[in-house]
Every structure is written in structure tokens, then in C-alpha cells.
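Peer 1: One file is attached below, protein.cif, containing mmCIF, C-alpha atoms.
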data_entry
#
loop_
_atom_site.group_PDB
_atom_site.id
_atom_site.type_symbol
_atom_site.label_atom_id
_atom_site.label_comp_id
_atom_site.auth_asym_id
_atom_site.auth_seq_id
_atom_site.Cartn_x
_atom_site.Cartn_y
_atom_site.Cartn_z
ATOM 1 C CA MET A 420 125.596 117.380 66.026
ATOM 2 C CA ASN A 421 128.855 117.621 64.156
ATOM 3 C CA ILE A 422 129.928 114.312 62.602
ATOM 4 C CA GLN A 423 133.629 114.627 61.874
ATOM 5 C CA ARG A 424 134.330 111.329 60.115
ATOM 6 C CA ILE A 425 133.776 107.596 60.244
ATOM 7 C CA GLU A 426 135.680 106.673 63.407
ATOM 8 C CA HIS A 427 135.598 102.923 62.838
ATOM 9 C CA ILE A 428 133.694 99.989 61.444
ATOM 10 C CA GLY A 429 133.059 97.254 64.006
ATOM 11 C CA ILE A 430 133.223 93.664 62.771
ATOM 12 C CA ALA A 431 132.130 90.730 64.933
ATOM 13 C CA VAL A 432 134.448 87.725 64.685
ATOM 14 C CA ALA A 433 134.379 84.270 66.250
ATOM 15 C CA ASN A 434 138.156 84.046 66.692
ATOM 16 C CA LEU A 435 140.204 87.208 67.106
ATOM 17 C CA GLU A 436 143.580 85.595 66.351
ATOM 18 C CA GLU A 437 142.339 84.063 63.077
ATOM 19 C CA ALA A 438 140.740 87.352 62.034
ATOM 20 C CA ILE A 439 143.930 89.285 62.834
ATOM 21 C CA ARG A 440 145.910 86.873 60.650
ATOM 22 C CA TYR A 441 143.507 87.511 57.739
ATOM 23 C CA TYR A 442 143.798 91.298 58.028
ATOM 24 C CA GLU A 443 147.590 91.134 58.401
ATOM 25 C CA ASP A 444 148.521 88.304 56.009
ATOM 26 C CA ILE A 445 145.966 88.834 53.242
ATOM 27 C CA LEU A 446 145.148 92.553 53.426
ATOM 28 C CA ASN A 447 148.632 93.638 54.580
ATOM 29 C CA LEU A 448 147.251 95.765 57.426
ATOM 30 C CA SER A 449 148.943 95.998 60.822
ATOM 31 C CA CYS A 450 147.123 95.390 64.076
ATOM 32 C CA TYR A 451 148.197 98.266 66.310
ATOM 33 C CA ALA A 452 146.245 97.420 69.472
ATOM 34 C CA ILE A 453 144.432 94.590 71.208
ATOM 35 C CA GLU A 454 142.275 95.481 74.194
ATOM 36 C CA GLU A 455 139.713 93.813 76.399
ATOM 37 C CA VAL A 456 136.684 95.848 77.449
ATOM 38 C CA PRO A 457 135.294 93.783 80.351
ATOM 39 C CA ASP A 458 132.032 95.687 80.858
ATOM 40 C CA GLN A 459 131.172 95.081 77.180
ATOM 41 C CA LYS A 460 132.331 91.439 77.363
ATOM 42 C CA VAL A 461 134.565 91.849 74.328
ATOM 43 C CA ARG A 462 138.171 91.739 73.118
ATOM 44 C CA THR A 463 139.042 94.134 70.324
ATOM 45 C CA ALA A 464 141.791 94.464 67.746
ATOM 46 C CA PHE A 465 142.358 97.659 65.743
ATOM 47 C CA PHE A 466 143.691 98.377 62.254
ATOM 48 C CA MET A 467 144.085 101.753 60.509
ATOM 49 C CA VAL A 468 142.903 102.203 56.934
ATOM 50 C CA GLY A 469 143.614 105.816 56.030
ATOM 51 C CA GLU A 470 141.856 107.866 58.722
ATOM 52 C CA THR A 471 139.352 105.120 59.533
ATOM 53 C CA LYS A 472 139.805 102.202 61.899
ATOM 54 C CA ILE A 473 138.602 98.639 61.590
ATOM 55 C CA GLU A 474 137.666 97.235 65.000
ATOM 56 C CA LEU A 475 137.462 93.454 65.262
ATOM 57 C CA LEU A 476 135.236 92.316 68.128
ATOM 58 C CA GLU A 477 135.478 88.890 69.783
ATOM 59 C CA SER A 478 133.041 87.991 72.541
ATOM 60 C CA THR A 479 134.418 87.015 75.943
ATOM 61 C CA ASP A 480 130.956 85.834 77.063
ATOM 62 C CA PRO A 481 128.265 84.173 74.934
ATOM 63 C CA GLU A 482 125.660 86.252 76.807
ATOM 64 C CA GLY A 483 127.393 89.539 75.952
ATOM 65 C CA PRO A 484 126.275 91.727 73.033
ATOM 66 C CA ILE A 485 128.834 90.338 70.559
ATOM 67 C CA GLY A 486 128.175 86.763 71.687
ATOM 68 C CA LYS A 487 124.448 87.243 71.063
ATOM 69 C CA PHE A 488 125.126 88.937 67.715
ATOM 70 C CA LEU A 489 127.334 86.040 66.560
ATOM 71 C CA GLU A 490 124.731 83.493 67.674
ATOM 72 C CA LYS A 491 121.954 85.285 65.805
ATOM 73 C CA LYS A 492 123.699 86.631 62.690
ATOM 74 C CA GLY A 493 127.178 85.105 62.507
ATOM 75 C CA GLU A 494 130.383 86.953 61.727
ATOM 76 C CA GLY A 495 130.256 90.246 59.889
ATOM 77 C CA ILE A 496 129.754 93.967 60.190
ATOM 78 C CA HIS A 497 128.360 94.779 63.619
ATOM 79 C CA HIS A 498 128.264 98.593 63.732
ATOM 80 C CA LEU A 499 129.293 101.864 62.136
ATOM 81 C CA ALA A 500 130.890 104.440 64.431
ATOM 82 C CA PHE A 501 131.059 108.180 63.838
ATOM 83 C CA ALA A 502 133.442 110.597 65.550
ATOM 84 C CA VAL A 503 131.503 113.521 67.056
ATOM 85 C CA ASP A 504 132.487 116.547 69.130
ATOM 86 C CA ASN A 505 130.424 115.466 72.132
ATOM 87 C CA VAL A 506 128.738 112.066 72.544
ATOM 88 C CA GLU A 507 126.285 113.287 75.184
ATOM 89 C CA SER A 508 124.939 116.107 73.027
ATOM 90 C CA ALA A 509 124.842 113.841 69.933
ATOM 91 C CA LEU A 510 122.764 111.285 71.860
ATOM 92 C CA THR A 511 120.465 114.022 73.158
ATOM 93 C CA GLU A 512 119.991 115.442 69.672
ATOM 94 C CA ALA A 513 119.298 112.036 68.117
ATOM 95 C CA GLY A 514 116.814 111.234 70.900
ATOM 96 C CA SER A 515 115.052 114.570 70.420
ATOM 97 C CA LYS A 516 114.537 113.613 66.765
ATOM 98 C CA GLY A 517 112.766 110.397 67.742
ATOM 99 C CA ILE A 518 115.704 107.994 67.454
ATOM 100 C CA ARG A 519 115.625 105.124 69.940
ATOM 101 C CA LEU A 520 118.769 105.190 72.098
ATOM 102 C CA ILE A 521 120.565 102.163 73.488
ATOM 103 C CA ASP A 522 122.661 104.472 75.675
ATOM 104 C CA GLN A 523 121.007 107.442 77.364
ATOM 105 C CA GLN A 524 124.415 108.618 78.584
ATOM 106 C CA PRO A 525 127.930 108.030 77.220
ATOM 107 C CA ARG A 526 129.960 105.139 78.570
ATOM 108 C CA LYS A 527 133.618 104.127 78.334
ATOM 109 C CA GLY A 528 134.650 102.267 75.196
ATOM 110 C CA ALA A 529 137.874 100.870 73.785
ATOM 111 C CA GLU A 530 140.856 103.198 73.354
ATOM 112 C CA GLY A 531 139.543 105.424 76.154
ATOM 113 C CA LEU A 532 136.764 106.866 73.993
ATOM 114 C CA LYS A 533 133.361 107.939 75.250
ATOM 115 C CA ILE A 534 130.725 106.042 73.289
ATOM 116 C CA GLY A 535 126.961 105.837 72.874
ATOM 117 C CA PHE A 536 124.809 103.644 70.632
ATOM 118 C CA LEU A 537 121.622 104.248 68.654
ATOM 119 C CA HIS A 538 119.209 101.331 68.231
ATOM 120 C CA PRO A 539 119.242 99.775 64.738
ATOM 121 C CA LYS A 540 115.419 99.689 64.681
ATOM 122 C CA SER A 541 115.584 103.495 64.471
ATOM 123 C CA THR A 542 118.572 103.761 62.119
ATOM 124 C CA ILE A 543 117.554 101.822 59.013
ATOM 125 C CA GLY A 544 118.943 98.571 60.441
ATOM 126 C CA VAL A 545 122.485 99.849 61.148
ATOM 127 C CA LEU A 546 123.719 99.789 64.734
ATOM 128 C CA THR A 547 125.206 103.280 64.999
ATOM 129 C CA GLU A 548 127.790 104.434 67.530
ATOM 130 C CA PHE A 549 128.921 107.941 68.423
ATOM 131 C CA CYS A 550 132.495 108.347 69.748
ATOM 132 C CA SER A 551 134.487 111.224 71.225
ATOM 133 C CA LYS A 552 137.675 111.700 73.221
#
Please, can you express the file's structure as C-alpha cells?

Peer 2:
Amino acid sequence: MNIQRIEHIGIAVANLEEAIRYYEDILNLSCYAIEEVPDQKVRTAFFMVGETKIELLESTDPEGPIGKFLEKKGEGIHHLAFAVDNVESALTEAGSKGIRLIDQQPRKGAEGLKIGFLHPKSTIGVLTEFCSK
């Protein structure tokens, strides 16, 4: 697998508008996109910091993955995403090395990316995402 860079850091937030105001008003970053991903039950907002994105994640359903995360752990860092050449082959390689996969096959994520997640119980407690165009 060829990890190219950190693609983004996902941060779970209770209120997307309030979080956007913090990143814009306090950190002087600009939100360049807001998108809903219905199958993941989430609304996202993106900011660029150099070559890395910050992805804010607000749940649209308390039973969705971000809703459950917020209920259990509260707001904060949710996942670390790496840009790879090919998500499918990265998932296959990680699985062949004994890593527990959340996604056996890539699925559609925000910004039209293909994504796949590794289970945090196999990744030293960090929910890890692979992304590719």
C-alpha cells in the first residue's frame, strides 16, 4: 500500500454551524464545502490546512455512526484518514496482515472519494480511513 499523505482528520461535532464559526472566527480558516452523506447519516464541513483537510462531522441520526460516537465519547477527533492509490487494495493488504476491517469493499464518501475503514480495535485505538479518487 502506498500512503501518500494525511487526507483529512475527522472531528465529530454536536452542532455543525457552531463548529464552523469556531474554525472560521477563531482559527481564521475558511469552510470550502458543506455536504450531506445520507448513507452515513452525517453532514460534513471541510477546511484546508496546508495539504490536509479538517472534516467536521455532524450526525443527522442519533443511531448513525457519528450519533453513537457523540453519545459514547462526546465531541472530538473521530478518525484519521490517509490518501492511498487504491482503497480496495489497501483494505485487502491491511486485512491480509490481520487488521480487522469495518469495510470489506470501498464505499462512497464525501467529496466523491472512495473510502474504507479499519477497526480501531486493530489499529491501536485510532479509527483509520483509507481514501482515493

Peer 1: Apply the PyMOL selection byres ((chain A and resi 440-451) around 8) to the structure shown and report the selected residues as a list of chain:residue names.

Peer 2: A:Glu436, A:Glu437, A:Ala438, A:Ile439, A:Ala452, A:Ile453, A:Ala464, A:Phe465, A:Phe466, A:Met467, A:Val468

Peer 1: Enumerate, as a list of chain:residue names, the residues matched when the PyMOL selection byres ((chain A and resi 475) around 7) is run on the file above.

Peer 2: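 Those residues are A:Gly429, A:Ile430, A:Ala431, A:Val432, A:Thr463, A:Ala464, A:Phe465, A:Ile473, A:Glu474, A:Leu476, A:Glu477.
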
Peer 1: Please produce an output containing C-alpha atoms for each residue in the selection, written as a PDB file, in the frame of the given file.

Peer 2:
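Result went into result-v7.pdb, see below:
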ATOM      1  CA  GLY A 429     133.059  97.254  64.006  1.00  0.00           C
ATOM      2  CA  ILE A 430     133.223  93.664  62.771  1.00  0.00           C
ATOM      3  CA  ALA A 431     132.130  90.730  64.933  1.00  0.00           C
ATOM      4  CA  VAL A 432     134.448  87.725  64.685  1.00  0.00           C
ATOM      5  CA  THR A 463     139.042  94.134  70.324  1.00  0.00           C
ATOM      6  CA  ALA A 464     141.791  94.464  67.746  1.00  0.00           C
ATOM      7  CA  PHE A 465     142.358  97.659  65.743  1.00  0.00           C
ATOM      8  CA  ILE A 473     138.602  98.639  61.590  1.00  0.00           C
ATOM      9  CA  GLU A 474     137.666  97.235  65.000  1.00  0.00           C
ATOM     10  CA  LEU A 476     135.236  92.316  68.128  1.00  0.00           C
ATOM     11  CA  GLU A 477     135.478  88.890  69.783  1.00  0.00           C
TER      12      GLU A 477
END

Peer 1: Identify, on the basis of all atoms listed in the file, every residue whose closest approach to Val503 in chain A does not exceed 9 Å; exclude the query and any residue fewer than 3 positions from it along the same chain; express the result as a VMD selection string.

Peer 2: chain A and resid 420 to 424 426 506 509 549 to 552

Peer 1: Please determine, counting all atoms listed in the file, which residue among A:Glu548, A:Glu455, A:Glu530, A:Asp480 has the shortest atom-to-atom distance to His497 in chain A.

Peer 2: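 Among the listed residues, A:Glu548 lies closest to His497 in chain A.
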
Peer 1: Please provide as a PyMOL selection string all residues within 6 Å of range 534-547 of chain A, with the sequence filter that same-chain residues fewer than 6 positions apart are discarded (counting all atoms listed in the file).

Peer 2: chain A and resi 498-500+518-522+525-526+528

Peer 1: Have a look at A:Ile485, A:Leu510, A:Ile425, A:Ala502 and name the one nearest to Val456 in chain A; count all atoms listed in the file.

Peer 2: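 The shortest atom-to-atom distance to Val456 in chain A comes from A:Ile485.
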
Peer 1: Take CA of Phe501 in chain A and CA of Leu532 in chain A and report the distance between them in Å, one decimal.

Peer 2: 11.7 Å

Peer 1: Measure the distance from CA of Ser478 in chain A to CA of Arg462 in chain A in Å and round it to one decimal.

Peer 2: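 Interatomic distance, CA of Ser478 in chain A to CA of Arg462 in chain A: 6.4 Å.
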
Peer 1: If I only have part of range 477-505 of chain A, can you fill in N, CA and C atoms and write it as a PDB file, in the frame of the given file?

Peer 2:
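The file below, rebuild.pdb, is the result:
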ATOM      1  N   GLU A 477     135.656  90.290  69.400  1.00  0.00           N
ATOM      2  CA  GLU A 477     135.478  88.890  69.783  1.00  0.00           C
ATOM      3  C   GLU A 477     134.803  88.861  71.149  1.00  0.00           C
ATOM      4  N   SER A 478     133.758  88.083  71.276  1.00  0.00           N
ATOM      5  CA  SER A 478     133.041  87.991  72.541  1.00  0.00           C
ATOM      6  C   SER A 478     133.871  87.250  73.584  1.00  0.00           C
ATOM      7  N   THR A 479     133.815  87.731  74.821  1.00  0.00           N
ATOM      8  CA  THR A 479     134.418  87.015  75.943  1.00  0.00           C
ATOM      9  C   THR A 479     133.346  86.305  76.771  1.00  0.00           C
ATOM     10  N   ASP A 480     132.084  86.454  76.358  1.00  0.00           N
ATOM     11  CA  ASP A 480     130.956  85.834  77.063  1.00  0.00           C
ATOM     12  C   ASP A 480     129.823  85.636  76.063  1.00  0.00           C
ATOM     13  N   PRO A 481     129.334  84.399  75.905  1.00  0.00           N
ATOM     14  CA  PRO A 481     128.265  84.173  74.934  1.00  0.00           C
ATOM     15  C   PRO A 481     126.990  84.982  75.212  1.00  0.00           C
ATOM     16  N   GLU A 482     126.842  85.454  76.460  1.00  0.00           N
ATOM     17  CA  GLU A 482     125.660  86.252  76.807  1.00  0.00           C
ATOM     18  C   GLU A 482     125.888  87.749  76.600  1.00  0.00           C
ATOM     19  N   GLY A 483     127.102  88.140  76.228  1.00  0.00           N
ATOM     20  CA  GLY A 483     127.393  89.539  75.952  1.00  0.00           C
ATOM     21  C   GLY A 483     126.841  89.948  74.599  1.00  0.00           C
ATOM     22  N   PRO A 484     126.870  91.245  74.281  1.00  0.00           N
ATOM     23  CA  PRO A 484     126.275  91.727  73.033  1.00  0.00           C
ATOM     24  C   PRO A 484     126.898  91.116  71.773  1.00  0.00           C
ATOM     25  N   ILE A 485     128.213  90.929  71.745  1.00  0.00           N
ATOM     26  CA  ILE A 485     128.834  90.338  70.559  1.00  0.00           C
ATOM     27  C   ILE A 485     128.546  88.845  70.501  1.00  0.00           C
ATOM     28  N   GLY A 486     128.538  88.183  71.643  1.00  0.00           N
ATOM     29  CA  GLY A 486     128.175  86.763  71.687  1.00  0.00           C
ATOM     30  C   GLY A 486     126.776  86.530  71.138  1.00  0.00           C
ATOM     31  N   LYS A 487     125.833  87.364  71.548  1.00  0.00           N
ATOM     32  CA  LYS A 487     124.448  87.243  71.063  1.00  0.00           C
ATOM     33  C   LYS A 487     124.358  87.557  69.573  1.00  0.00           C
ATOM     34  N   PHE A 488     125.113  88.577  69.136  1.00  0.00           N
ATOM     35  CA  PHE A 488     125.126  88.937  67.715  1.00  0.00           C
ATOM     36  C   PHE A 488     125.638  87.763  66.881  1.00  0.00           C
ATOM     37  N   LEU A 489     126.767  87.163  67.293  1.00  0.00           N
ATOM     38  CA  LEU A 489     127.334  86.040  66.560  1.00  0.00           C
ATOM     39  C   LEU A 489     126.370  84.859  66.514  1.00  0.00           C
ATOM     40  N   GLU A 490     125.703  84.594  67.610  1.00  0.00           N
ATOM     41  CA  GLU A 490     124.731  83.493  67.674  1.00  0.00           C
ATOM     42  C   GLU A 490     123.585  83.712  66.689  1.00  0.00           C
ATOM     43  N   LYS A 491     123.121  84.947  66.619  1.00  0.00           N
ATOM     44  CA  LYS A 491     121.954  85.285  65.805  1.00  0.00           C
ATOM     45  C   LYS A 491     122.304  85.495  64.324  1.00  0.00           C
ATOM     46  N   LYS A 492     123.407  86.202  64.059  1.00  0.00           N
ATOM     47  CA  LYS A 492     123.699  86.631  62.690  1.00  0.00           C
ATOM     48  C   LYS A 492     125.000  86.091  62.120  1.00  0.00           C
ATOM     49  N   GLY A 493     125.881  85.572  62.979  1.00  0.00           N
ATOM     50  CA  GLY A 493     127.178  85.105  62.507  1.00  0.00           C
ATOM     51  C   GLY A 493     128.162  86.256  62.380  1.00  0.00           C
ATOM     52  N   GLU A 494     129.345  85.943  61.863  1.00  0.00           N
ATOM     53  CA  GLU A 494     130.383  86.953  61.727  1.00  0.00           C
ATOM     54  C   GLU A 494     130.005  87.985  60.674  1.00  0.00           C
ATOM     55  N   GLY A 495     130.495  89.204  60.871  1.00  0.00           N
ATOM     56  CA  GLY A 495     130.256  90.246  59.889  1.00  0.00           C
ATOM     57  C   GLY A 495     130.205  91.622  60.519  1.00  0.00           C
ATOM     58  N   ILE A 496     129.810  92.584  59.714  1.00  0.00           N
ATOM     59  CA  ILE A 496     129.754  93.967  60.190  1.00  0.00           C
ATOM     60  C   ILE A 496     128.742  94.068  61.321  1.00  0.00           C
ATOM     61  N   HIS A 497     129.186  94.637  62.422  1.00  0.00           N
ATOM     62  CA  HIS A 497     128.360  94.779  63.619  1.00  0.00           C
ATOM     63  C   HIS A 497     127.839  96.206  63.772  1.00  0.00           C
ATOM     64  N   HIS A 498     128.707  97.214  63.559  1.00  0.00           N
ATOM     65  CA  HIS A 498     128.264  98.593  63.732  1.00  0.00           C
ATOM     66  C   HIS A 498     129.132  99.559  62.942  1.00  0.00           C
ATOM     67  N   LEU A 499     128.597 100.752  62.781  1.00  0.00           N
ATOM     68  CA  LEU A 499     129.293 101.864  62.136  1.00  0.00           C
ATOM     69  C   LEU A 499     129.412 102.967  63.176  1.00  0.00           C
ATOM     70  N   ALA A 500     130.644 103.436  63.398  1.00  0.00           N
ATOM     71  CA  ALA A 500     130.890 104.440  64.431  1.00  0.00           C
ATOM     72  C   ALA A 500     131.320 105.760  63.809  1.00  0.00           C
ATOM     73  N   PHE A 501     130.740 106.835  64.304  1.00  0.00           N
ATOM     74  CA  PHE A 501     131.059 108.180  63.838  1.00  0.00           C
ATOM     75  C   PHE A 501     131.746 108.958  64.951  1.00  0.00           C
ATOM     76  N   ALA A 502     132.803 109.679  64.613  1.00  0.00           N
ATOM     77  CA  ALA A 502     133.442 110.597  65.550  1.00  0.00           C
ATOM     78  C   ALA A 502     132.601 111.866  65.615  1.00  0.00           C
ATOM     79  N   VAL A 503     132.277 112.293  66.829  1.00  0.00           N
ATOM     80  CA  VAL A 503     131.503 113.521  67.056  1.00  0.00           C
ATOM     81  C   VAL A 503     132.240 114.368  68.085  1.00  0.00           C
ATOM     82  N   ASP A 504     131.870 115.651  68.152  1.00  0.00           N
ATOM     83  CA  ASP A 504     132.487 116.547  69.130  1.00  0.00           C
ATOM     84  C   ASP A 504     132.160 116.127  70.559  1.00  0.00           C
ATOM     85  N   ASN A 505     130.898 115.743  70.787  1.00  0.00           N
ATOM     86  CA  ASN A 505     130.424 115.466  72.132  1.00  0.00           C
ATOM     87  C   ASN A 505     129.368 114.369  72.059  1.00  0.00           C
TER      88      ASN A 505
END
